[in-house]
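These notes concern the structure reproduced below.
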Protein chains: 2
Amino acid sequence: MIIKLFDSELKVMEVLWEYGDTTAKRIAEILKEQVGWSKTTTYTVIKKCIEKGAIERKDPNYICRPLITKEQVQEFETSELINKMYDGAADQLVASLLDSRKLSSQEIERLKKLINDLE
Amino acid sequence: MIIKLFDSELKVMEVLWEYGDTTAKRIAEILKEQVGWSKTTTYTVIKKCIEKGAIERKDPNYICRPLITKEQVQEFETSELINKMYDGAADQLVASLLDSRKLSSQEIERLKKLINDLE
DNA sequence: TATTAAGTTCTACCAGGATAGAATAAGTTA
DNA sequence: TAACTTATTCTATCCTGGTAGAACTTAATA
């Protein structure tokens, strides 16, 4: 399933991913605290997420449950970046990362292991 | 230098990166052809790029010259993604790429080489 | 120099995402 | 059931990026 989430929607999803299934009320409290959102804002955005199929809310307790994982969104956003900035070539992105020294030596070690252990 | 380029600005920059230094007129022609932009739109966006320091235009021929490279923008956009979606950890992004099978086996081979040859 | 054409800027409109106040619905308790 | 609280939606505003028409300026040419 491919859904483009806006930044505001992402904020709501992140609460769910971090805190697990919970009520709209609770999400509102958390976002009030974290980013100062009014209760209404949170409810509006939750509604959008439900309409988009990113959240479902079933009786009896009206618990909000994410229908997409953080990994799915990561993948989607990453694909967008690759298409927009790297001509669709994922390896160019990695090459650029290695190149730009954005990775610490520990990270590089970890990746080296990852990639060599592949398949 | 850190500049956030909007999508429209990126279009102009991409023309410069691809075609090399050239006149506003030429850029307008290309973007007219490529994406249907009116001449005015192109000029407006070029102006924004100049104000932002992404393009310079010097006498006598009013040639537009990019002041930032595609690589810089790639790096910037990639950083944004990493911060937004991967808690600032670049290696998580790479791990996710390996995981999601976005990379062909050729690409993986190439990366394996790249990473093992590092340092 | 007058006329025309090309280059550039000024200004404005439009769409969409972010945000929230007021209104309404639903649930609770006396 | 009335009074009150809490949950939810309706509607609207604001802001910003994308886009371009009209006006203006500069250059070319008759």
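By convention in this document, the chains of the structure tokens carry letters A, B, ... by their order, each chain's residues are numbered from 1, and ligands are numbered from 1 in the order they are shown.
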- Item | Contact residues around C:DA6 with only C-alpha atoms (C1' of nucleotides) at 12 Å, ignoring same-chain residues under 4 positions, as a PyMOL selection string | (chain B and resi 25+39) or (chain D and resi 25-28)
- Query: Quick one: DSSP strand (DSSP E) residues in stretch 12-74 of chain B, as an NGL selection string?
  - Reply: :B and (22-23 or 55-58 or 63-66)
Find the residues near A:Ala89: any atom within 9 Å, counting only C-alpha atoms (C1' of nucleotides), skip ones fewer than 5 places away on the same chain, and give them as a compact mmCIF listing (two decimals) with C-alpha atoms, in the first residue's frame.
```txt
# COMPACT_ATOMS: atom_id res chain seq x y z
CA ILE A 82 16.31 8.32 -4.68
CA ASN A 83 14.05 9.23 -7.57
CA LEU B 103 19.31 -2.78 -4.65
CA GLU B 107 24.50 -2.68 -7.19
```
Do you have, as CSV, the list of residues of chain C lying at most 8 Å from chain A, each with its nearest atom pair and that distance in Å to one decimal, counting only C-alpha atoms (C1' of nucleotides) and ordered by chain then number?
```
residue,atom,partner,partner_atom,distance
C:DG17,C1',A:Phe6,CA,7.8
C:DA18,C1',A:Ser8,CA,7.3
C:DT19,C1',A:Thr41,CA,6.0
C:DA20,C1',A:Thr41,CA,6.1
```
- Message: Taking only C-alpha atoms into account, find every residue of chain B that has an atom no more than 6 Å from chain A, and write it out as a ChimeraX atom specification.
- Response: /B:74,85,91,107
- Query: What residues in chain D lie within 9 Å of chain A, counting only C-alpha atoms (C1' of nucleotides), written as a PyMOL selection string?
  - Reply: chain D and resi 7-9
- For C:DT29, work out the shell of residues within 12 Å, counting only C-alpha atoms (C1' of nucleotides) and skipping chain neighbours fewer than 5 positions away, then give it as a count of residues only. 5
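You will find atom C1' of C:DC13 at 14.5 Å from atom C1' of D:DC15.
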- Query: Within 9 Å of B:Cys49, counting only C-alpha atoms (C1' of nucleotides), which residues qualify if same-chain residues fewer than 6 places away don't, as a PyMOL selection string?
  - Reply: chain B and resi 5+9+12-13+55-56
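Going from atom CA of B:Thr69 to atom CA of B:Trp17 covers 7.6 Å.
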- Residues of chain A in helix (DSSP H, G or I) according to DSSP, as a PyMOL selection string? chain A and resi 7-19+24-35+39-52+70-85+90-100+105-116
- Query: In Å to one decimal, how far is atom C1' of C:DC10 from atom C1' of D:DT16?
  - Reply: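 Taking atom C1' of D:DT16 and atom C1' of C:DC10, their separation equals 18.6 Å.
Distances to A:Leu31 were evaluated for A:Gly88, A:Val15, A:Ile3, A:Ile46 using only C-alpha atoms, and the minimum falls at A:Val15.
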